[in-house]
Amino acid sequence: MPAFDVARRWKGRIVLDRSGSKLGPVLDVFYDAENDEPGWVLVGFGAAGGRLVPVAEAVEDGNELRVPYDRALVEGAPGMEADGRLWPQEEADLYAYYGLPYTGASLVDLDEEEEDPVAQVRGLPPGGWPPG
C-alpha cells in the first residue's frame with residue numbers, strides 16, 4: 001500500500017472493478033486507523049452519491065485504480081458525501097460489509113463523538129468553558 005501522500009494523488013482517477021468495468025472517479029481518500037495506512041476511497045456514482053471501497057488490495061493500472069470487488073458489491077456499500085468524515089464505527093461497518101477482518105483497535109469511546117471538536121482543538125475541557 002502506498003503512503004497516504006501518494007494515495008491522495010488518486011483523487012480524480014477512475015476506479016475499475018475486478019472485471020475492468022468503470023465504477024467512477026475517486027472523490028476522496030480516507031486513512032484507515034485499523035491498519036495505519038490509506039484504507040478507503042470514496043468512488044463517485046453520479047446521482048447515487050459516493051460509495052466507500054477498501055484499497056488494501058487495489059492496484060494502480062496507469063491512471064486508473066483497479067479494486068478486487070464486483071460492481072454490485074460496491075454499489076451496495078455504505079456511502080457518504082465527499083469531504084465527509086469517516087467515523088470509527090462506520091469503518092467497522094465497512095469492514096463487516098466487505099467481509100474483511102477487523103480487530104476493533106481503532107474504535108474510540110463513543111462519548112468522544114459527542115464532545116465539542118472546537119473545544120478539543122483549543123484545549124478546553126469537555127463541555128467548553130467554564131468547566132463545570
# chains A, B, ... in the order shown; residues from 1 in each chain; ligands from 1

call {"tool": "select_by_dssp", "arguments": {"residues": "segment 39-81 of chain A", "states": "helix (DSSP H, G or I)", "output": "list in words"}}
result
Gly46, Ala47, Ala48, Arg71, Ala72, Leu73, Val74 and Glu75 of chain A

call {"tool": "residues_around", "arguments": {"residues": "Tyr98 of chain A", "least_positions_apart": "4", "cutoff": "12 Å", "atoms": "only C-alpha atoms", "output": "ChimeraX atom specification"}}
result
/A:40,52-56,68-70,72-78,91-94,102

call {"tool": "write_last_selection", "arguments": {"atoms": "N, CA and C atoms", "output": "PDB file, in the first residue's frame"}}
result
ATOM      1  N   TRP A  40      -9.432   3.537   2.355  1.00  0.00           N
ATOM      2  CA  TRP A  40     -10.703   3.608   1.640  1.00  0.00           C
ATOM      3  C   TRP A  40     -10.665   4.719   0.616  1.00  0.00           C
ATOM      4  N   LEU A  52     -17.928   3.862  -0.501  1.00  0.00           N
ATOM      5  CA  LEU A  52     -16.603   3.612   0.042  1.00  0.00           C
ATOM      6  C   LEU A  52     -16.113   2.222  -0.343  1.00  0.00           C
ATOM      7  N   VAL A  53     -14.854   2.166  -0.796  1.00  0.00           N
ATOM      8  CA  VAL A  53     -14.252   0.916  -1.268  1.00  0.00           C
ATOM      9  C   VAL A  53     -12.886   0.752  -0.608  1.00  0.00           C
ATOM     10  N   PRO A  54     -12.598  -0.449  -0.053  1.00  0.00           N
ATOM     11  CA  PRO A  54     -11.274  -0.660   0.528  1.00  0.00           C
ATOM     12  C   PRO A  54     -10.206  -0.707  -0.567  1.00  0.00           C
ATOM     13  N   VAL A  55      -9.029  -0.184  -0.231  1.00  0.00           N
ATOM     14  CA  VAL A  55      -7.950  -0.143  -1.234  1.00  0.00           C
ATOM     15  C   VAL A  55      -6.715  -0.938  -0.826  1.00  0.00           C
ATOM     16  N   ALA A  56      -6.832  -1.767   0.207  1.00  0.00           N
ATOM     17  CA  ALA A  56      -5.681  -2.556   0.646  1.00  0.00           C
ATOM     18  C   ALA A  56      -5.148  -3.439  -0.485  1.00  0.00           C
ATOM     19  N   PRO A  68     -10.461  -5.273  -6.248  1.00  0.00           N
ATOM     20  CA  PRO A  68     -10.881  -6.666  -6.443  1.00  0.00           C
ATOM     21  C   PRO A  68     -12.326  -6.951  -6.027  1.00  0.00           C
ATOM     22  N   TYR A  69     -13.231  -6.043  -6.374  1.00  0.00           N
ATOM     23  CA  TYR A  69     -14.634  -6.204  -5.988  1.00  0.00           C
ATOM     24  C   TYR A  69     -15.528  -6.032  -7.208  1.00  0.00           C
ATOM     25  N   ASP A  70     -16.680  -6.720  -7.191  1.00  0.00           N
ATOM     26  CA  ASP A  70     -17.660  -6.584  -8.262  1.00  0.00           C
ATOM     27  C   ASP A  70     -18.442  -5.285  -8.105  1.00  0.00           C
ATOM     28  N   ALA A  72     -21.623  -4.701  -8.307  1.00  0.00           N
ATOM     29  CA  ALA A  72     -22.829  -4.824  -7.473  1.00  0.00           C
ATOM     30  C   ALA A  72     -22.489  -4.688  -5.992  1.00  0.00           C
ATOM     31  N   LEU A  73     -21.372  -5.258  -5.567  1.00  0.00           N
ATOM     32  CA  LEU A  73     -20.968  -5.150  -4.170  1.00  0.00           C
ATOM     33  C   LEU A  73     -20.648  -3.696  -3.821  1.00  0.00           C
ATOM     34  N   VAL A  74     -19.923  -3.017  -4.682  1.00  0.00           N
ATOM     35  CA  VAL A  74     -19.552  -1.622  -4.430  1.00  0.00           C
ATOM     36  C   VAL A  74     -20.791  -0.726  -4.433  1.00  0.00           C
ATOM     37  N   GLU A  75     -21.705  -0.951  -5.367  1.00  0.00           N
ATOM     38  CA  GLU A  75     -22.923  -0.132  -5.432  1.00  0.00           C
ATOM     39  C   GLU A  75     -23.760  -0.252  -4.160  1.00  0.00           C
ATOM     40  N   GLY A  76     -23.730  -1.408  -3.522  1.00  0.00           N
ATOM     41  CA  GLY A  76     -24.497  -1.617  -2.303  1.00  0.00           C
ATOM     42  C   GLY A  76     -23.773  -1.212  -1.032  1.00  0.00           C
ATOM     43  N   ALA A  77     -22.534  -0.783  -1.160  1.00  0.00           N
ATOM     44  CA  ALA A  77     -21.716  -0.434   0.002  1.00  0.00           C
ATOM     45  C   ALA A  77     -22.196   0.848   0.675  1.00  0.00           C
ATOM     46  N   PRO A  78     -21.891   0.995   1.953  1.00  0.00           N
ATOM     47  CA  PRO A  78     -22.190   2.265   2.620  1.00  0.00           C
ATOM     48  C   PRO A  78     -21.492   3.411   1.892  1.00  0.00           C
ATOM     49  N   GLU A  91     -16.337   2.821   9.942  1.00  0.00           N
ATOM     50  CA  GLU A  91     -15.261   1.998   9.393  1.00  0.00           C
ATOM     51  C   GLU A  91     -15.466   0.532   9.776  1.00  0.00           C
ATOM     52  N   ALA A  92     -15.875   0.281  11.023  1.00  0.00           N
ATOM     53  CA  ALA A  92     -16.154  -1.085  11.461  1.00  0.00           C
ATOM     54  C   ALA A  92     -17.270  -1.700  10.613  1.00  0.00           C
ATOM     55  N   ASP A  93     -18.300  -0.908  10.298  1.00  0.00           N
ATOM     56  CA  ASP A  93     -19.398  -1.375   9.442  1.00  0.00           C
ATOM     57  C   ASP A  93     -18.895  -1.711   8.038  1.00  0.00           C
ATOM     58  N   LEU A  94     -17.958  -0.919   7.535  1.00  0.00           N
ATOM     59  CA  LEU A  94     -17.391  -1.190   6.205  1.00  0.00           C
ATOM     60  C   LEU A  94     -16.602  -2.498   6.200  1.00  0.00           C
ATOM     61  N   TYR A 102     -11.408  -7.503  11.219  1.00  0.00           N
ATOM     62  CA  TYR A 102     -11.353  -6.230  11.939  1.00  0.00           C
ATOM     63  C   TYR A 102     -11.146  -6.503  13.412  1.00  0.00           C
TER      64      TYR A 102
END

call {"tool": "residues_around", "arguments": {"residues": "segment 3-17 of chain A", "least_positions_apart": "2", "cutoff": "7 Å", "atoms": "only C-alpha atoms", "output": "PyMOL selection string"}}
result
chain A and resi 1+19-29+37-38+63-71

call {"tool": "atom_distance", "arguments": {"atom1": "atom CA of Gly49 of chain A", "atom2": "atom CA of Thr103 of chain A"}}
result
28.7 Å

call {"tool": "closest_residue", "arguments": {"among": "A:Phe30, A:Gly44, A:Arg18, A:Ala96", "to": "Ala58 of chain A", "atoms": "only C-alpha atoms"}}
result
A:Arg18

call {"tool": "atom_distance", "arguments": {"atom1": "atom CA of Leu100 of chain A", "atom2": "atom CA of Gly46 of chain A"}}
result
26.6 Å

call {"tool": "closest_residue", "arguments": {"among": "A:Tyr97, A:Glu34, A:Leu42, A:Gly104", "to": "Arg85 of chain A", "atoms": "only C-alpha atoms"}}
result
A:Leu42

call {"tool": "decode", "arguments": {"residues": "segment 57-99 of chain A", "atoms": "N, CA and C atoms", "output": "PDB file, in the first residue's frame"}}
result
ATOM      1  N   GLU A  57      -6.040  -3.914  -1.343  1.00  0.00           N
ATOM      2  CA  GLU A  57      -5.632  -4.783  -2.447  1.00  0.00           C
ATOM      3  C   GLU A  57      -5.795  -4.107  -3.803  1.00  0.00           C
ATOM      4  N   ALA A  58      -5.945  -2.787  -3.797  1.00  0.00           N
ATOM      5  CA  ALA A  58      -6.070  -2.043  -5.061  1.00  0.00           C
ATOM      6  C   ALA A  58      -4.735  -2.039  -5.799  1.00  0.00           C
ATOM      7  N   VAL A  59      -4.831  -1.984  -7.128  1.00  0.00           N
ATOM      8  CA  VAL A  59      -3.639  -1.965  -7.967  1.00  0.00           C
ATOM      9  C   VAL A  59      -3.733  -0.774  -8.905  1.00  0.00           C
ATOM     10  N   GLU A  60      -2.669   0.014  -8.949  1.00  0.00           N
ATOM     11  CA  GLU A  60      -2.625   1.118  -9.899  1.00  0.00           C
ATOM     12  C   GLU A  60      -2.386   0.538 -11.282  1.00  0.00           C
ATOM     13  N   ASP A  61      -3.193   0.954 -12.243  1.00  0.00           N
ATOM     14  CA  ASP A  61      -3.097   0.484 -13.620  1.00  0.00           C
ATOM     15  C   ASP A  61      -3.090   1.722 -14.505  1.00  0.00           C
ATOM     16  N   GLY A  62      -1.891   2.291 -14.736  1.00  0.00           N
ATOM     17  CA  GLY A  62      -1.790   3.550 -15.471  1.00  0.00           C
ATOM     18  C   GLY A  62      -2.407   4.653 -14.632  1.00  0.00           C
ATOM     19  N   ASN A  63      -3.402   5.360 -15.184  1.00  0.00           N
ATOM     20  CA  ASN A  63      -4.102   6.413 -14.443  1.00  0.00           C
ATOM     21  C   ASN A  63      -5.383   5.908 -13.795  1.00  0.00           C
ATOM     22  N   GLU A  64      -5.534   4.605 -13.747  1.00  0.00           N
ATOM     23  CA  GLU A  64      -6.736   4.009 -13.153  1.00  0.00           C
ATOM     24  C   GLU A  64      -6.356   3.204 -11.918  1.00  0.00           C
ATOM     25  N   LEU A  65      -7.353   2.913 -11.117  1.00  0.00           N
ATOM     26  CA  LEU A  65      -7.167   2.143  -9.894  1.00  0.00           C
ATOM     27  C   LEU A  65      -8.126   0.958  -9.952  1.00  0.00           C
ATOM     28  N   ARG A  66      -7.574  -0.242  -9.922  1.00  0.00           N
ATOM     29  CA  ARG A  66      -8.395  -1.458 -10.012  1.00  0.00           C
ATOM     30  C   ARG A  66      -8.571  -2.060  -8.611  1.00  0.00           C
ATOM     31  N   VAL A  67      -9.827  -2.325  -8.242  1.00  0.00           N
ATOM     32  CA  VAL A  67     -10.130  -2.938  -6.949  1.00  0.00           C
ATOM     33  C   VAL A  67     -10.692  -4.342  -7.187  1.00  0.00           C
ATOM     34  N   PRO A  68     -10.461  -5.273  -6.248  1.00  0.00           N
ATOM     35  CA  PRO A  68     -10.881  -6.666  -6.443  1.00  0.00           C
ATOM     36  C   PRO A  68     -12.326  -6.951  -6.027  1.00  0.00           C
ATOM     37  N   TYR A  69     -13.231  -6.043  -6.374  1.00  0.00           N
ATOM     38  CA  TYR A  69     -14.634  -6.204  -5.988  1.00  0.00           C
ATOM     39  C   TYR A  69     -15.528  -6.032  -7.208  1.00  0.00           C
ATOM     40  N   ASP A  70     -16.680  -6.720  -7.191  1.00  0.00           N
ATOM     41  CA  ASP A  70     -17.660  -6.584  -8.262  1.00  0.00           C
ATOM     42  C   ASP A  70     -18.442  -5.285  -8.105  1.00  0.00           C
ATOM     43  N   ARG A  71     -18.927  -4.778  -9.230  1.00  0.00           N
ATOM     44  CA  ARG A  71     -19.694  -3.531  -9.237  1.00  0.00           C
ATOM     45  C   ARG A  71     -20.898  -3.593  -8.299  1.00  0.00           C
ATOM     46  N   ALA A  72     -21.623  -4.701  -8.307  1.00  0.00           N
ATOM     47  CA  ALA A  72     -22.829  -4.824  -7.473  1.00  0.00           C
ATOM     48  C   ALA A  72     -22.489  -4.688  -5.992  1.00  0.00           C
ATOM     49  N   LEU A  73     -21.372  -5.258  -5.567  1.00  0.00           N
ATOM     50  CA  LEU A  73     -20.968  -5.150  -4.170  1.00  0.00           C
ATOM     51  C   LEU A  73     -20.648  -3.696  -3.821  1.00  0.00           C
ATOM     52  N   VAL A  74     -19.923  -3.017  -4.682  1.00  0.00           N
ATOM     53  CA  VAL A  74     -19.552  -1.622  -4.430  1.00  0.00           C
ATOM     54  C   VAL A  74     -20.791  -0.726  -4.433  1.00  0.00           C
ATOM     55  N   GLU A  75     -21.705  -0.951  -5.367  1.00  0.00           N
ATOM     56  CA  GLU A  75     -22.923  -0.132  -5.432  1.00  0.00           C
ATOM     57  C   GLU A  75     -23.760  -0.252  -4.160  1.00  0.00           C
ATOM     58  N   GLY A  76     -23.730  -1.408  -3.522  1.00  0.00           N
ATOM     59  CA  GLY A  76     -24.497  -1.617  -2.303  1.00  0.00           C
ATOM     60  C   GLY A  76     -23.773  -1.212  -1.032  1.00  0.00           C
ATOM     61  N   ALA A  77     -22.534  -0.783  -1.160  1.00  0.00           N
ATOM     62  CA  ALA A  77     -21.716  -0.434   0.002  1.00  0.00           C
ATOM     63  C   ALA A  77     -22.196   0.848   0.675  1.00  0.00           C
ATOM     64  N   PRO A  78     -21.891   0.995   1.953  1.00  0.00           N
ATOM     65  CA  PRO A  78     -22.190   2.265   2.620  1.00  0.00           C
ATOM     66  C   PRO A  78     -21.492   3.411   1.892  1.00  0.00           C
ATOM     67  N   GLY A  79     -22.130   4.547   1.900  1.00  0.00           N
ATOM     68  CA  GLY A  79     -21.557   5.698   1.211  1.00  0.00           C
ATOM     69  C   GLY A  79     -21.595   6.934   2.069  1.00  0.00           C
ATOM     70  N   MET A  80     -21.144   8.014   1.484  1.00  0.00           N
ATOM     71  CA  MET A  80     -21.145   9.293   2.170  1.00  0.00           C
ATOM     72  C   MET A  80     -20.893  10.386   1.147  1.00  0.00           C
ATOM     73  N   GLU A  81     -21.021  11.618   1.577  1.00  0.00           N
ATOM     74  CA  GLU A  81     -20.732  12.754   0.712  1.00  0.00           C
ATOM     75  C   GLU A  81     -19.225  13.006   0.694  1.00  0.00           C
ATOM     76  N   ALA A  82     -18.741  13.573  -0.403  1.00  0.00           N
ATOM     77  CA  ALA A  82     -17.335  13.952  -0.475  1.00  0.00           C
ATOM     78  C   ALA A  82     -17.040  14.955   0.629  1.00  0.00           C
ATOM     79  N   ASP A  83     -15.844  14.942   1.134  1.00  0.00           N
ATOM     80  CA  ASP A  83     -15.383  15.816   2.212  1.00  0.00           C
ATOM     81  C   ASP A  83     -16.041  15.494   3.551  1.00  0.00           C
ATOM     82  N   GLY A  84     -16.667  14.312   3.652  1.00  0.00           N
ATOM     83  CA  GLY A  84     -17.241  13.892   4.920  1.00  0.00           C
ATOM     84  C   GLY A  84     -16.177  13.301   5.823  1.00  0.00           C
ATOM     85  N   ARG A  85     -16.587  12.899   7.004  1.00  0.00           N
ATOM     86  CA  ARG A  85     -15.665  12.268   7.946  1.00  0.00           C
ATOM     87  C   ARG A  85     -16.075  10.820   8.134  1.00  0.00           C
ATOM     88  N   LEU A  86     -15.100   9.929   8.100  1.00  0.00           N
ATOM     89  CA  LEU A  86     -15.342   8.507   8.320  1.00  0.00           C
ATOM     90  C   LEU A  86     -15.078   8.198   9.790  1.00  0.00           C
ATOM     91  N   TRP A  87     -16.155   7.955  10.538  1.00  0.00           N
ATOM     92  CA  TRP A  87     -16.048   7.678  11.965  1.00  0.00           C
ATOM     93  C   TRP A  87     -15.641   6.230  12.183  1.00  0.00           C
ATOM     94  N   PRO A  88     -14.993   5.917  13.315  1.00  0.00           N
ATOM     95  CA  PRO A  88     -14.558   4.535  13.586  1.00  0.00           C
ATOM     96  C   PRO A  88     -15.679   3.509  13.495  1.00  0.00           C
ATOM     97  N   GLN A  89     -16.883   3.824  13.986  1.00  0.00           N
ATOM     98  CA  GLN A  89     -17.977   2.853  13.899  1.00  0.00           C
ATOM     99  C   GLN A  89     -18.379   2.603  12.450  1.00  0.00           C
ATOM    100  N   GLU A  90     -18.342   3.650  11.633  1.00  0.00           N
ATOM    101  CA  GLU A  90     -18.644   3.492  10.203  1.00  0.00           C
ATOM    102  C   GLU A  90     -17.577   2.626   9.529  1.00  0.00           C
ATOM    103  N   GLU A  91     -16.337   2.821   9.942  1.00  0.00           N
ATOM    104  CA  GLU A  91     -15.261   1.998   9.393  1.00  0.00           C
ATOM    105  C   GLU A  91     -15.466   0.532   9.776  1.00  0.00           C
ATOM    106  N   ALA A  92     -15.875   0.281  11.023  1.00  0.00           N
ATOM    107  CA  ALA A  92     -16.154  -1.085  11.461  1.00  0.00           C
ATOM    108  C   ALA A  92     -17.270  -1.700  10.613  1.00  0.00           C
ATOM    109  N   ASP A  93     -18.300  -0.908  10.298  1.00  0.00           N
ATOM    110  CA  ASP A  93     -19.398  -1.375   9.442  1.00  0.00           C
ATOM    111  C   ASP A  93     -18.895  -1.711   8.038  1.00  0.00           C
ATOM    112  N   LEU A  94     -17.958  -0.919   7.535  1.00  0.00           N
ATOM    113  CA  LEU A  94     -17.391  -1.190   6.205  1.00  0.00           C
ATOM    114  C   LEU A  94     -16.602  -2.498   6.200  1.00  0.00           C
ATOM    115  N   TYR A  95     -15.812  -2.720   7.230  1.00  0.00           N
ATOM    116  CA  TYR A  95     -15.080  -3.989   7.334  1.00  0.00           C
ATOM    117  C   TYR A  95     -16.056  -5.159   7.292  1.00  0.00           C
ATOM    118  N   ALA A  96     -17.143  -5.059   8.043  1.00  0.00           N
ATOM    119  CA  ALA A  96     -18.139  -6.127   8.073  1.00  0.00           C
ATOM    120  C   ALA A  96     -18.789  -6.298   6.698  1.00  0.00           C
ATOM    121  N   TYR A  97     -19.156  -5.200   6.058  1.00  0.00           N
ATOM    122  CA  TYR A  97     -19.819  -5.251   4.752  1.00  0.00           C
ATOM    123  C   TYR A  97     -18.951  -5.981   3.725  1.00  0.00           C
ATOM    124  N   TYR A  98     -17.661  -5.659   3.694  1.00  0.00           N
ATOM    125  CA  TYR A  98     -16.758  -6.268   2.711  1.00  0.00           C
ATOM    126  C   TYR A  98     -16.186  -7.607   3.180  1.00  0.00           C
ATOM    127  N   GLY A  99     -16.571  -8.055   4.387  1.00  0.00           N
ATOM    128  CA  GLY A  99     -16.098  -9.346   4.896  1.00  0.00           C
ATOM    129  C   GLY A  99     -14.620  -9.357   5.230  1.00  0.00           C
TER     130      GLY A  99
END
